[in-house]
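Engineer: Contents are mmCIF, C-alpha atoms; file name run.cif:
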data_protein
loop_
_atom_site.label_atom_id
_atom_site.label_comp_id
_atom_site.auth_asym_id
_atom_site.auth_seq_id
_atom_site.Cartn_x
_atom_site.Cartn_y
_atom_site.Cartn_z
CA MET H 1 357.92 -26.31 135.47
CA GLU H 2 358.66 -25.11 131.92
CA LYS H 3 360.14 -21.76 130.96
CA THR H 4 360.32 -20.42 127.42
CA THR H 5 363.50 -18.72 126.18
CA ARG H 6 364.19 -17.11 122.81
CA LYS H 7 365.65 -20.24 121.27
CA ARG H 8 364.69 -23.36 123.20
CA ARG H 9 362.48 -24.52 126.02
CA THR H 10 363.98 -25.28 129.39
CA TYR H 11 362.62 -27.87 131.80
CA ASP H 12 362.90 -28.89 135.39
CA PRO H 13 365.67 -31.55 135.28
CA ALA H 14 363.49 -34.28 136.81
CA ASP H 15 360.66 -33.59 134.33
CA TYR H 16 363.06 -33.59 131.39
CA VAL H 17 364.58 -36.92 132.41
CA ARG H 18 361.12 -38.45 132.86
CA GLN H 19 359.98 -37.40 129.38
CA LEU H 20 363.27 -38.45 127.82
CA ARG H 21 363.04 -41.93 129.33
CA ARG H 22 359.50 -42.42 128.03
CA LEU H 23 360.37 -41.12 124.57
CA THR H 24 363.47 -43.31 124.43
CA GLU H 25 361.42 -46.38 125.32
CA PHE H 26 358.82 -45.69 122.61
CA MET H 27 361.61 -45.13 120.09
CA ARG H 28 363.18 -48.44 121.10
CA VAL H 29 360.03 -50.57 120.75
CA VAL H 30 358.37 -49.01 117.69
CA ASP H 31 358.71 -50.96 114.43
CA LYS H 32 361.29 -49.46 112.08
CA LEU H 33 361.10 -49.33 108.28
CA GLN H 34 364.01 -50.12 105.99
CA PRO H 35 364.22 -47.48 103.22
CA ASP H 36 364.01 -49.00 99.75
CA ARG H 37 365.73 -46.78 97.19
CA ASN H 38 364.28 -48.81 94.35
CA ALA H 39 360.69 -48.39 95.51
CA TRP H 40 360.58 -45.24 97.65
CA ASP H 41 360.52 -41.69 96.29
CA ILE H 42 363.78 -40.82 98.06
CA GLU H 43 367.00 -39.01 97.10
CA GLY H 44 370.30 -37.98 98.68
CA GLU H 45 372.55 -39.30 101.43
CA TRP H 46 372.25 -38.98 105.19
CA ASN H 47 375.71 -40.18 106.23
CA GLY H 48 377.33 -38.10 108.95
CA THR H 49 374.16 -37.19 110.82
CA GLY H 50 372.62 -38.87 113.84
CA VAL H 51 370.81 -42.20 113.72
CA ILE H 52 367.69 -42.08 111.54
CA HIS H 53 364.65 -44.23 112.27
CA PHE H 54 362.02 -44.39 109.53
CA VAL H 55 358.65 -45.09 111.15
CA ASP H 56 355.28 -45.92 109.59
CA ALA H 57 352.87 -43.00 109.97
CA LYS H 58 350.37 -45.43 111.49
CA SER H 59 352.57 -45.45 114.62
CA GLN H 60 352.49 -41.66 115.08
CA SER H 61 349.93 -41.92 117.88
CA LEU H 62 352.60 -43.50 120.12
CA PHE H 63 354.47 -40.20 120.09
CA GLU H 64 351.54 -37.83 120.56
CA ASP H 65 352.60 -36.84 124.09
CA PHE H 66 356.02 -35.74 122.80
CA GLN H 67 355.11 -33.61 119.78
CA HIS H 68 355.96 -30.41 121.72
CA PHE H 69 358.78 -31.89 123.83
CA ASP H 70 361.96 -29.96 122.98
CA CYS H 71 364.31 -32.92 123.35
CA ARG H 72 368.03 -32.35 122.70
CA THR H 73 368.84 -35.91 121.67
CA ILE H 74 365.72 -37.25 119.90
CA LYS H 75 363.91 -35.28 117.20
CA LEU H 76 360.44 -36.03 115.84
CA VAL H 77 361.30 -34.59 112.47
CA ASN H 78 357.88 -34.44 110.83
CA TYR H 79 355.24 -35.40 113.38
CA GLY H 80 351.77 -34.87 111.89
CA ARG H 81 353.18 -34.58 108.36
CA PRO H 82 354.12 -38.08 107.20
CA ALA H 83 356.48 -37.88 104.25
CA THR H 84 355.43 -38.89 100.75
CA ARG H 85 358.80 -37.88 99.29
CA LEU H 86 362.24 -37.51 100.93
CA THR H 87 365.29 -35.54 99.78
CA PHE H 88 368.45 -35.33 101.91
CA PHE H 89 371.23 -32.76 101.43
CA LYS H 90 373.94 -31.04 103.48
CA LYS H 91 373.58 -27.44 104.59
CA HIS H 92 375.82 -25.00 106.45
CA LYS H 93 373.63 -23.95 109.35
CA TYR H 94 374.61 -21.13 111.66
CA ILE H 95 373.27 -18.40 113.91
CA LEU H 96 374.29 -14.75 114.16
CA LEU H 97 373.18 -12.58 117.06
CA LYS H 98 374.33 -8.97 116.98
CA ASP H 99 374.88 -6.58 119.88
CA ALA H 100 371.31 -5.29 119.80
CA ASP H 101 370.02 -8.86 120.11
CA LEU H 102 371.81 -9.45 123.41
CA THR H 103 370.84 -8.24 126.86
CA ARG H 104 373.47 -7.09 129.33
CA GLU H 105 372.78 -10.16 131.45
CA GLU H 106 373.35 -12.50 128.48
CA LYS H 107 376.68 -10.84 127.78
CA GLU H 108 377.76 -11.19 131.40
CA VAL H 109 376.71 -14.85 131.55
CA ARG H 110 378.54 -15.70 128.31
CA ILE H 111 381.76 -14.06 129.45
CA THR H 112 381.63 -15.58 132.94
CA THR H 113 380.96 -19.05 131.53
CA TYR H 114 383.91 -18.75 129.16
CA ILE H 115 386.27 -17.50 131.89
CA ASN H 116 385.21 -20.42 134.11
CA GLU H 117 385.81 -22.93 131.31
CA ILE H 118 389.33 -21.78 130.52
CA THR H 119 390.13 -21.42 134.24
CA VAL H 120 389.32 -25.12 134.64
CA LYS H 121 391.50 -25.95 131.62
CA ARG H 122 394.37 -23.97 133.15
CA ALA H 123 393.99 -25.82 136.47
CA ILE H 124 394.07 -29.21 134.72
CA LYS H 125 397.25 -28.28 132.86
CA LEU H 126 398.90 -27.00 136.05
CA ASP H 127 398.17 -30.33 137.76
CA ARG H 128 400.11 -32.30 135.18
CA VAL H 129 402.85 -29.84 134.24
CA ASP H 130 405.25 -31.27 136.86
CA LYS H 131 405.08 -34.65 135.13
CA LEU H 132 406.34 -33.29 131.81
CA THR H 133 409.85 -32.67 130.56
CA GLY H 134 411.62 -31.19 127.56
CA ALA H 135 409.59 -29.97 124.60
CA ALA H 136 406.30 -31.22 126.08
CA LEU H 137 406.92 -29.15 129.21
CA SER H 138 407.72 -26.02 127.18
CA ASP H 139 404.62 -26.50 125.05
CA GLU H 140 402.39 -26.98 128.10
CA ARG H 141 403.77 -23.90 129.83
CA GLY H 142 403.18 -21.91 126.66
CA GLN H 143 399.53 -23.04 126.57
CA ILE H 144 399.11 -22.17 130.26
CA GLY H 145 400.48 -18.69 129.58
CA MET H 146 398.02 -18.22 126.70
CA LEU H 147 395.11 -19.30 128.91
CA GLU H 148 396.18 -16.88 131.64
CA GLN H 149 396.31 -14.03 129.12
CA GLU H 150 392.88 -15.05 127.79
CA ILE H 151 391.43 -14.99 131.31
CA LYS H 152 392.95 -11.57 131.96
CA THR H 153 391.62 -10.15 128.67
CA TRP H 154 388.03 -11.34 129.18
CA LYS H 155 387.95 -10.21 132.81
CA GLU H 156 388.89 -6.75 131.56
CA VAL H 157 386.06 -6.92 129.01
CA SER H 158 383.55 -7.98 131.69
CA LEU H 159 384.44 -4.91 133.74
CA ASN H 160 383.87 -2.58 130.77
CA LEU H 161 380.86 -4.03 128.93
CA ASP H 162 379.63 -0.66 127.67
CA GLN H 163 382.85 -0.12 125.76
CA TYR H 164 382.38 -3.21 123.58
CA ASP H 165 380.07 -4.40 120.84
CA PHE H 166 379.23 -8.10 120.96
CA ALA H 167 378.05 -10.78 118.58
CA ILE H 168 377.37 -14.51 118.91
CA SER H 169 377.75 -16.89 115.99
CA ASN H 170 378.82 -20.42 115.12
CA TYR H 171 379.45 -19.42 111.49
CA ARG H 172 383.17 -20.19 111.54
CA ARG H 173 382.60 -23.54 113.21
CA ASP H 174 381.36 -24.67 109.79
CA TYR H 175 378.64 -26.90 111.19
CA GLN H 176 377.31 -29.03 108.36
CA TYR H 177 373.83 -30.35 109.00
CA VAL H 178 372.12 -33.00 106.96
CA THR H 179 368.84 -31.38 106.01
CA LEU H 180 365.63 -33.11 104.97
CA ASN H 181 363.32 -31.61 102.40
CA TYR H 182 360.11 -33.61 102.37
CA LYS H 183 356.73 -33.58 100.68
CA TYR H 184 353.53 -34.41 102.54
CA LYS H 185 349.79 -34.41 101.84
CA SER H 186 348.24 -31.14 102.98
CA SER H 187 344.79 -32.25 101.87
CA GLU H 188 343.18 -35.14 100.04
CA GLN H 189 344.33 -33.86 96.64
CA GLU H 190 347.22 -31.48 97.35
CA TYR H 191 350.81 -31.71 98.55
CA ALA H 192 353.05 -29.27 100.41
CA ASN H 193 356.79 -29.06 101.09
CA ALA H 194 358.67 -28.61 104.36
CA GLN H 195 362.29 -28.64 105.49
CA GLU H 196 364.00 -29.70 108.72
CA HIS H 197 367.64 -30.07 109.75
CA LEU H 198 368.55 -33.35 111.42
CA LEU H 199 370.35 -33.77 114.74
CA ASN H 200 374.07 -34.49 114.54
CA PRO H 201 375.88 -36.62 117.13
CA GLN H 202 378.05 -34.81 119.64
CA ARG H 203 381.77 -35.35 119.03
CA ASP H 204 385.02 -34.55 120.81
CA LYS H 205 387.94 -32.69 119.22
CA GLN H 206 389.18 -35.91 117.62
CA GLY H 207 385.81 -36.51 115.98
CA VAL H 208 384.87 -39.41 118.25
CA ILE H 209 381.13 -39.57 119.03
CA THR H 210 380.53 -38.83 122.70
CA GLN H 211 376.73 -38.65 122.56
CA GLN H 212 374.52 -40.19 119.89
CA ARG H 213 371.43 -38.36 118.69
CA TYR H 214 368.36 -39.69 116.92
CA ASN H 215 365.95 -38.53 114.21
CA ILE H 216 362.52 -40.12 113.79
CA ILE H 217 361.01 -39.61 110.33
CA PHE H 218 357.39 -40.62 109.82
CA VAL H 219 356.60 -42.08 106.40
CA ASP H 220 353.35 -42.43 104.46
CA THR H 221 354.00 -46.02 103.38
CA THR H 222 351.46 -45.85 100.55
CA GLU H 223 352.42 -42.53 98.99
CA ILE H 224 356.18 -43.01 99.41
CA ASN H 225 356.06 -45.68 96.69
CA ARG H 226 354.84 -43.16 94.09
CA GLU H 227 356.75 -40.48 92.21
CA HIS H 228 355.68 -36.99 93.18
CA PRO H 229 355.91 -33.65 91.39
CA HIS H 230 358.87 -31.38 92.08
CA GLN H 231 357.28 -28.11 90.98
CA HIS H 232 354.29 -25.94 91.79
CA LYS H 233 350.92 -27.66 91.66
CA GLU H 234 349.64 -25.09 89.11
CA ILE H 235 352.31 -26.15 86.64
CA GLU H 236 351.70 -29.82 87.38
CA ASN H 237 347.96 -29.44 86.85
CA PHE H 238 348.55 -27.57 83.59
CA LEU H 239 350.96 -30.15 82.15
CA ASN H 240 348.77 -33.05 83.26
CA ASN H 241 346.23 -31.95 80.64
CA PHE H 242 348.59 -32.86 77.78
CA SER H 243 348.31 -36.35 76.34
CA LEU H 244 351.59 -36.35 74.35
CA VAL H 245 355.03 -35.77 75.89
CA THR H 246 358.51 -36.16 74.36
CA GLN H 247 360.94 -38.22 76.44
CA THR H 248 364.39 -36.99 75.32
CA GLY H 249 366.41 -33.80 75.72
CA LYS H 250 366.59 -31.27 78.54
CA GLN H 251 363.22 -29.84 77.59
CA GLN H 252 360.11 -31.87 76.94
CA LEU H 253 357.56 -30.97 74.32
CA TYR H 254 353.94 -31.31 75.37
CA ALA H 255 351.03 -31.58 72.94
CA ARG H 256 347.29 -32.15 73.06
CA PRO H 257 344.47 -31.94 70.52
CA LYS H 258 342.65 -28.64 70.51
CA PRO H 259 339.09 -28.97 71.75
CA THR H 260 336.44 -28.85 69.02
CA GLU H 261 334.01 -25.95 69.12
CA PRO H 262 330.61 -26.93 70.48
CA VAL H 263 327.79 -27.15 67.90
CA THR H 264 325.82 -24.49 69.74
CA ASP H 265 328.71 -22.06 69.32
CA GLU H 266 328.90 -22.79 65.59
CA LEU H 267 325.16 -22.23 65.16
CA SER H 268 325.35 -19.02 67.16
CA SER H 269 328.20 -17.80 64.97
CA LEU H 270 326.27 -18.70 61.82
CA ARG H 271 323.17 -16.83 63.01
CA LYS H 272 325.27 -13.72 63.71
CA ASP H 273 326.76 -13.84 60.22
CA MET H 274 323.33 -14.21 58.63
CA SER H 275 321.99 -11.34 60.71
CA LYS H 276 324.86 -9.10 59.63
CA SER H 277 324.26 -9.97 55.98
CA LYS H 278 320.61 -8.97 56.25
CA ILE H 279 321.44 -5.65 57.87
CA HIS H 280 324.09 -4.78 55.31
CA GLY H 281 321.84 -5.92 52.46
CA ASN H 282 318.94 -3.76 53.62
CA ALA H 283 321.19 -0.75 53.99
CA GLN H 284 322.57 -1.11 50.48
CA ASN H 285 319.20 -1.89 48.77
CA PRO H 286 316.45 0.08 50.54
CA THR H 287 312.82 -0.80 49.83
CA LEU H 288 309.56 1.11 50.17
CA PHE H 289 309.10 -0.35 53.60
CA ASP H 290 312.47 0.92 54.94
CA GLU H 291 311.14 4.43 55.29
#
Using the file provided, produce a representation of the structure as structure tokens.
Structural biologist:
Amino acid sequence: MEKTTRKRRTYDPADYVRQLRRLTEFMRVVDKLQPDRNAWDIEGEWNGTGVIHFVDAKSQSLFEDFQHFDCRTIKLVNYGRPATRLTFFKKHKYILLKDADLTREEKEVRITTYINEITVKRAIKLDRVDKLTGAALSDERGQIGMLEQEIKTWKEVSLNLDQYDFAISNYRRDYQYVTLNYKYKSSEQEYANAQEHLLNPQRDKQGVITQQRYNIIFVDTTEINREHPHQHKEIENFLNNFSLVTQTGKQQLYARPKPTEPVTDELSSLRKDMSKSKIHGNAQNPTLFDE
């Protein structure tokens, strides 16, 4: 059974595990490509993000059943749009939900979840406080006192929801995501651009990876070996009509021979000139037949 929420899809746990196992197995057995910076049209670095598997677009059919699977640990970055050009860069990604975006139930759930989390932390600290002495004991008691005050404060808030404005954001967490900007063929002759953030591994407070995450990027193995335009196709098409291009400086000079006028146009122009001459000549030198 699948339910749709505002942000992500939720699944029955057994169904989610079943799909995850199948997807993991396909990811494990599919042939992987090694990116070649000398041959591929590729820029940027992807250090610091989850594991990236570059996969030949010919293998996309293996993943057809998972194109709409909202997996938390494996991302099909560009299914159906095999990349012809890849550019990686880091981006500060965050969400901001204001009070009007949140239902009363969401507020209650958030507060209750937080109170439960810090209550558990307090209990863990209380269990080990008797084993500490000196400065460590004083520090631990101080942290327990802060947690107790935090619990008290948020319980008070939960009892008076209508007196508070709320917001949800991870802005100050400074989450840096490696983002992929890629080009793909939208038709036989045209290209389009798209952008996706990549999954980061989950880490503890010390920065140690506690759960790895994976990104599968499908690659057009023929087109990736060509250089592709960076700008709008109209500009590209316009500049492609020039046969001469300078190769130095920040700006390039483009030149092309002007097209010669067709013979028919020249004859037409000549006939018009002759016709005008006759008219003007007749007007200036009338004859007996003009009247």
Engineer: Using the chain letters and numbers from the file, which residues does the PyMOL selection byres ((chain H and resi 214-222) around 7) grab, as a PyMOL selection string?
Structural biologist: chain H and resi 50-57+73-79+82-84+198-199+212-213+223-225
Engineer: Between H:Gln211, H:Thr179, H:Thr24, H:Gln206, which has the minimum distance to Thr87 (chain H) (counting all atoms listed in the file)?
Structural biologist: H:Thr179
Engineer: Let me know the residues the PyMOL selection byres ((chain H and resi 46-48) around 9) catches in the file above, as a list in words.
Structural biologist: Gly44, Glu45, Thr49, Gly50, Ile52, Phe88, Phe89, Lys90, Tyr177, Val178, Thr179, Leu180, Asn200 and Pro201 of chain H
Engineer: Which of these, H:Lys155, H:Arg122, H:Arg203, H:Arg22, has the shortest distance to Gly142 (chain H) once you count only C-alpha atoms?
Structural biologist: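 The shortest atom-to-atom distance to Gly142 (chain H) comes from H:Arg122.
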Engineer: Would you kindly return, as a list of chain:residue names, each protein, DNA or RNA residue with an atom no farther than 9 Å from any atom of Arg141 (chain H), considering only C-alpha atoms and excluding same-chain residues fewer than 5 positions away?
Structural biologist: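 Near neighbours after the sequence-gap exclusion: H:Lys125, H:Leu126, H:Val129, H:Ala136, H:Met146.
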Engineer: Applying the PyMOL selection byres ((chain H and resi 244) around 6) to the file I just gave you, which residues come out? Please list them as a PyMOL selection string.
Structural biologist: chain H and resi 242-243+245+254-255
Engineer: Between H:Leu161, H:Ile168, H:Arg21, H:Val208, which residue has the minimum interatomic distance to Glu105 (chain H), considering all atoms listed in the file?
Structural biologist: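 The shortest atom-to-atom distance to Glu105 (chain H) comes from H:Leu161.
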